[in-house]
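Engineer: My questions will all concern the structure given below.
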Amino acid sequence: MIAAAYQLLHLLLMLAAAPALTGLVRKAKALLLGRRGPPVLQPYRDLWRLLRKEAIVAESASVLFRVAPYLTFTAVWVAISLVPAFSTDLLLGPTADLIALAALLGGARFFMALAGLDVGTSFGGIGSSRELMFASLAEPAMLMVIFTVSLLVGTTALAHIAETLLATSVGLRVSLGLGLVAMVMVAIAENARVPVDNPATHLELTMVHEAMILEYSGRHLALMEGAAMLKLLLYLSLIACIFAPWGLAVPGADAHALGIGILAWLAKMIVGGLLLALFETSIAKMRVFRVSEFLGAALLLGLLAVIFLYVSKGL
Amino acid sequence: MQPLSLIAWAVAALFGAGVVGLFGNRLPVVQRVVYVASIAALLVVAAAALAFLLSPPADSSPTLALPIGLPVSPDGLQLEMHFRLDALSAYFLLILGIVGPAVGLFAIGYDRHEREPARVLAFYPIFLAGMVLVLVADDAFAFLVAWESMSLASWFLVLAGHRAEETRRAAYVYLVMASMGTAALLLAFGLLAGVAGDYRFAAIRAGHLSDLAAALVVLLTLVGAGSKAGLVPLHAWLPLAHPAAPSHVSALMSGAMTKVALYAIIRILFDLVGPTGWWVGVILVALGAVSGVMGVLYGLFQRDLKTMLAYSTVENIGIVAIGLGLALMFRGDGLASLAALAMIAALLHALNHALLKSLLFCGAGAVLNATGLRDIERLGALIHRMPVTGFCFLIGAAGLSALPPLNGFVSEWLTFQAILTGIHLPQWELKFGIVVIAALLALTAALAAALFVRAFGIVFLGRPRSAAATAATEGSSTMRAALLVLAAACVVLGVLPLLAVGLIEPVSRQLLGQGLPGAGVASLLWFVPLPGSYTSYSGLVILVAVTGLAVIVMLLVHGFASNRLRRAPAWDCGFPDPRPQTQYSADSLAQPLRRVFGTSLFQASERVEMPPPGDRRPARIEVRVRDLVWRALYAPVADGIAWFTERLNILQFLTIRRYLSMMFAALALLLTVVAFTQ
């Protein structure tokens, strides 16, 4: 019963917090660049405006084009509902482990890439094509990180990983550090952030994620944007849950612990968002074909993390 | 009636259908008779196999002996062919019995336009009968006869479209590779039978092999059955031959025949050869990982839809091989419960791939039927004209891209879980190797998603790229029904994978003495691969959560925000061009991946020719992708054989005197050998 209530709270909290995080990152980036920037709550207004607008669909678009935003959005939403934010006691927790979580995000990307090809324009195709190339390297890198963590804990179930890392001090491990770096690199690529992609670009040839959803408008665009915001929150939550699980409420905790859990999670998200803004303003976007080297490095770091783990466990 | 005698009657019916099929050119009704008979026969086989798996007989497996064959008993007098049904046979019969009828249903509608129907109808039932007989054979003689009839029947089926030059070449390559494979299996069985020469599987199982002989048997099996299954580097015939056959035969070759080859590998490596060291597993895992990555990369750069699917078969057989190899490693190290996990992952993926690949090949057949095209660069927008085919193909594509909640994901997930348990292996080199395998498997899965986005996106989405694609129409009702049946099976197995795992357990118990470890099959809903690891998965909950929430979101958005919709020309940044050539093409979609992975592995190169301003020639881009395996492995062998036969050619033009002296020399040599060995 408690797990169900927590799950519902979790689902709604994620939905409520995702646009704020994107707004926070945008505001912080603007301030760092010496601009005033839009208010933090601007993404809510944008989404609501888009949702109420008439959707314009290209004549050559198929049913898939109209279904894809809903599927993409809910796939990401279900995925984020599996990542413990303030409590590990979630009803849907046993539904999917980390590998299934990565596959759910892969499903969202699958439909987004297909939607990019559906209208039959060149910009949609360019976005899908590049996204597939990024994904083909980012997914193995992410799985290597998952591998490291699950070897350390002995399971791929996320709630259990967080509880174990919280209860027993595994100490400062080289492999966890390497895994964190790899995970951050993957998160940057998957969320179309600088230096891999630029979420604010309006130059068609440099767009990847934006090019895929170029033909969308109205409520469909709002859902695609919402999915992207949820995904950013998901990766930050995931990184926090694995690498900084402090404050998480475990099953059987009282209301006090729950309050601490929510506050700790909010603090972690704010810190994460500010760090992301700082990172993005201090680096330039790279050429598309440099991304393969960037993600290849993430993959190698993931591999190294596993090997260090073996070595340190063996000694 | 005994399950085995039911199967025997089904095989007899299939042979009868083959004879009837000979008259297919004259009588149109024969087509329907042959396919309905094969569907019925395979359903009987499936029912018998299912009955066996649900309640395996406690004492011994049913056996059957036919009074024809080689003298296989030590006294050399009994001429018998032995057949037997055990859990392993029954499971693979079940795969064949599920896939075969669905493909047969598709064929009723598909095969109508064949120019010479007898070329397909006479051999299609024989092909099926050959596969059934391989699966129930209980001595080496029966096995090889059935294996060879399966190979030859499928060779004739590949040749059905013999008017095309490339089909003849594909059939030739297939024949050479199949003969080589059978020769390797013949030698393997020779070694297994040993000097006593008892070819019954029961006797082989009881016998003991020296380490060297066991190693040779393993290698010969991997050459013989591995080439049939399509493991890299012996895969070269597969992407030529599978697509060249009529589409329903392609579906059977990729969906079922590769599984029969896997059965041969399992039968020999896990059952007949006896306990082996972990190194056998290492070879199989390495071959599997290379097949996975190379198969999917080859497939990504193809333009022929069916060739893409055939390369994807190579990839998936690789994933099954990884699971089997892991099982061998665990068994070699005495970790039976982990071996069972890996084995179940592999067998589940075999079933899932059989369903998914039959579905996709039938879908490709429907496209071929509607447009006459296999080149994806000339297709497009078919989902508007063929919605059922498009939807079913999408399910297959998503399944092989390992997306939850479909069945392809469950078995890949289980393979990953098996890999994760690799930390329990005692050998350090294996622990490190397994990490690399995990990375390669993850790479394979991600690239497979790219391959299927390309296949589905270019063929079914976008705008039509040719007149044929514009005029396409949906296939006949039986074709659509077959596609829907296969797609539904994929969804059901994805949502309730434990239905299938329950059927695999007897196999694992037979071969490894272990079922799914611990409380794995506690309930149908939650899949817990290892007891105490907290890891679980539920496809049904994911399906309900994603579709349920999607519907709720849609209702909320439509109800409270807006549900207005307007059709307008595409935006395309303000410069929409109505010509379909301006879309992204299949080659350009794969270009980033080709540059990242292809430059070294395939020596891919691009040459761009831009005419200067004012020149009205079109700009050209030339892409070259080389198959290094073909050049490094096949070309030298082919050249060597050609050179050698050229030298031998002089033997044809000798005088009678020389021939007589050569015969004398041969006789003298043989007598000397006999004298020395006595």
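Chain labels follow the order of the structure tokens: the first chain is A, the next B, and so on; residue numbering restarts at 1 in every chain, and ligands are counted from 1 in their shown order.
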Residues of chain B no more than 6 Å from chain A, counting only C-alpha atoms: send them over as a PyMOL selection string.

Structural biologist: chain B and resi 403+439+442-443+446-447+450+457+461-463+533+535-538+546+550+561-562+564-570+583-584+589+593

Engineer: Would you give me, as a count of residues only, the residues in range 7-86 of chain A that DSSP reads as strand (DSSP E or B)?

Structural biologist: 4

Engineer: Which of range 174-234 of chain A end up as helix (DSSP H, G or I) when DSSP is run on this backbone - answer as an NGL selection string?

Structural biologist: :A and (174-190 or 204-206 or 209-212 or 218-234)

Engineer: Take the selection from the previous step and output its residues with C-alpha atoms, as an mmCIF file, in the first residue's frame.

Structural biologist:
```cif
data_model
loop_
_atom_site.group_PDB
_atom_site.id
_atom_site.type_symbol
_atom_site.label_atom_id
_atom_site.label_comp_id
_atom_site.auth_asym_id
_atom_site.auth_seq_id
_atom_site.Cartn_x
_atom_site.Cartn_y
_atom_site.Cartn_z
ATOM 1 C CA VAL A 174 38.352 3.629 -8.502
ATOM 2 C CA SER A 175 35.867 1.710 -10.594
ATOM 3 C CA LEU A 176 32.918 3.693 -9.245
ATOM 4 C CA GLY A 177 34.772 6.895 -10.118
ATOM 5 C CA LEU A 178 35.460 5.697 -13.649
ATOM 6 C CA GLY A 179 31.867 4.529 -13.917
ATOM 7 C CA LEU A 180 30.645 7.968 -12.829
ATOM 8 C CA VAL A 181 32.697 9.696 -15.513
ATOM 9 C CA ALA A 182 31.461 7.260 -18.169
ATOM 10 C CA MET A 183 27.885 7.677 -16.987
ATOM 11 C CA VAL A 184 28.093 11.470 -17.126
ATOM 12 C CA MET A 185 29.455 11.293 -20.666
ATOM 13 C CA VAL A 186 26.618 8.990 -21.686
ATOM 14 C CA ALA A 187 24.088 11.276 -20.009
ATOM 15 C CA ILE A 188 25.430 14.280 -21.917
ATOM 16 C CA ALA A 189 25.160 12.457 -25.220
ATOM 17 C CA GLU A 190 21.740 10.945 -24.519
ATOM 18 C CA GLU A 204 19.616 23.180 -39.070
ATOM 19 C CA LEU A 205 22.797 21.366 -39.994
ATOM 20 C CA THR A 206 24.056 21.206 -36.423
ATOM 21 C CA HIS A 209 17.690 15.836 -31.479
ATOM 22 C CA GLU A 210 15.958 19.003 -32.628
ATOM 23 C CA ALA A 211 16.130 17.858 -36.246
ATOM 24 C CA MET A 212 14.314 14.623 -35.468
ATOM 25 C CA GLY A 218 1.327 21.710 -30.949
ATOM 26 C CA ARG A 219 0.597 18.939 -28.449
ATOM 27 C CA HIS A 220 2.879 16.478 -30.232
ATOM 28 C CA LEU A 221 5.820 18.838 -29.872
ATOM 29 C CA ALA A 222 4.885 19.468 -26.232
ATOM 30 C CA LEU A 223 5.050 15.725 -25.537
ATOM 31 C CA MET A 224 8.379 15.345 -27.316
ATOM 32 C CA GLU A 225 9.796 18.323 -25.378
ATOM 33 C CA GLY A 226 8.314 16.919 -22.182
ATOM 34 C CA ALA A 227 9.958 13.559 -22.874
ATOM 35 C CA ALA A 228 13.321 15.298 -23.333
ATOM 36 C CA MET A 229 12.877 17.166 -20.021
ATOM 37 C CA LEU A 230 11.928 13.949 -18.231
ATOM 38 C CA LYS A 231 14.950 12.228 -19.714
ATOM 39 C CA LEU A 232 17.306 14.891 -18.362
ATOM 40 C CA LEU A 233 15.756 14.484 -14.937
ATOM 41 C CA LEU A 234 15.988 10.707 -15.283
#
```

Engineer: Can you tell me, as a ChimeraX atom specification, what residues are no more than 12 Å from Leu166 in chain A when counting only C-alpha atoms, ignoring any on the same chain fewer than 2 positions away?

Structural biologist: /A:87-88,153,159-164,168-171,240-250

Engineer: Keeping only C-alpha atoms, write those residues as a CSV table (one decimal), in the first residue's frame.

Structural biologist:
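Okay, this is what ended up in again.csv:
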```csv
chain,number,residue,atom,x,y,z
A,87,SER,CA,12.5,6.4,-1.6
A,88,THR,CA,13.5,2.9,-2.8
A,153,VAL,CA,26.4,-5.3,-5.6
A,159,ALA,CA,16.4,-0.3,-5.7
A,160,HIS,CA,18.6,-3.0,-4.2
A,161,ILE,CA,21.7,-1.4,-5.6
A,162,ALA,CA,20.9,1.9,-4.0
A,163,GLU,CA,20.0,0.2,-0.6
A,164,THR,CA,23.2,-1.8,-0.6
A,168,THR,CA,27.3,-0.8,3.5
A,169,SER,CA,30.1,1.7,2.8
A,170,VAL,CA,31.8,0.3,-0.3
A,171,GLY,CA,34.3,3.1,0.2
A,240,ALA,CA,22.3,10.5,-7.9
A,241,CYS,CA,20.7,7.2,-7.0
A,242,ILE,CA,23.8,5.2,-7.9
A,243,PHE,CA,26.7,7.4,-7.1
A,244,ALA,CA,25.2,9.6,-4.3
A,245,PRO,CA,22.4,7.7,-2.7
A,246,TRP,CA,22.5,9.7,0.6
A,247,GLY,CA,19.2,10.6,2.0
A,248,LEU,CA,17.2,8.0,0.2
A,249,ALA,CA,14.4,6.6,2.3
A,250,VAL,CA,14.5,2.8,2.5
```

Engineer: Tell me, as an mmCIF file with N, CA and C atoms, in the first residue's frame, which residues lie within 8 Å of Phe301 in chain B, counting only C-alpha atoms; anything in the same chain fewer than 3 positions away does not count.

Structural biologist:
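Saved result, part08.cif, follows:
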```
data_model
loop_
_atom_site.group_PDB
_atom_site.id
_atom_site.type_symbol
_atom_site.label_atom_id
_atom_site.label_comp_id
_atom_site.auth_asym_id
_atom_site.auth_seq_id
_atom_site.Cartn_x
_atom_site.Cartn_y
_atom_site.Cartn_z
ATOM 1 N N LEU B 297 26.686 -5.414 -38.537
ATOM 2 C CA LEU B 297 27.352 -4.359 -39.311
ATOM 3 C C LEU B 297 27.211 -4.607 -40.810
ATOM 4 N N TYR B 298 27.420 -5.869 -41.227
ATOM 5 C CA TYR B 298 27.197 -6.188 -42.643
ATOM 6 C C TYR B 298 25.782 -5.775 -43.046
ATOM 7 N N ASP B 587 21.228 4.638 -47.732
ATOM 8 C CA ASP B 587 22.684 4.746 -47.671
ATOM 9 C C ASP B 587 23.106 5.932 -46.812
ATOM 10 N N ALA B 590 22.803 5.266 -43.107
ATOM 11 C CA ALA B 590 23.847 4.431 -42.512
ATOM 12 C C ALA B 590 25.216 5.103 -42.589
ATOM 13 N N ARG B 594 28.705 3.952 -40.971
ATOM 14 C CA ARG B 594 29.723 3.411 -41.864
ATOM 15 C C ARG B 594 31.056 4.096 -41.611
#
```

Engineer: Give me the residues within 8 Å of Val36 in chain B as a list in words, counting only C-alpha atoms and dropping any in the same chain fewer than 3 places off.

Structural biologist: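 Using only C-alpha atoms, the neighbours found are Arg32, Val33, Ile39, Ala40, Gly104 and Leu105 of chain B.
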
Engineer: Selection from above, C-alpha atoms, as an mmCIF file, in the first residue's frame, can you write it?

Structural biologist:
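After the write, result-v7.cif holds the following:
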```
data_model
loop_
_atom_site.group_PDB
_atom_site.id
_atom_site.type_symbol
_atom_site.label_atom_id
_atom_site.label_comp_id
_atom_site.auth_asym_id
_atom_site.auth_seq_id
_atom_site.Cartn_x
_atom_site.Cartn_y
_atom_site.Cartn_z
ATOM 1 C CA ARG B 32 -3.337 -25.560 -51.803
ATOM 2 C CA VAL B 33 -3.190 -29.305 -51.120
ATOM 3 C CA ILE B 39 0.478 -27.201 -42.130
ATOM 4 C CA ALA B 40 -1.510 -30.151 -40.788
ATOM 5 C CA GLY B 104 2.692 -22.359 -44.652
ATOM 6 C CA LEU B 105 -0.380 -20.189 -44.148
#
```
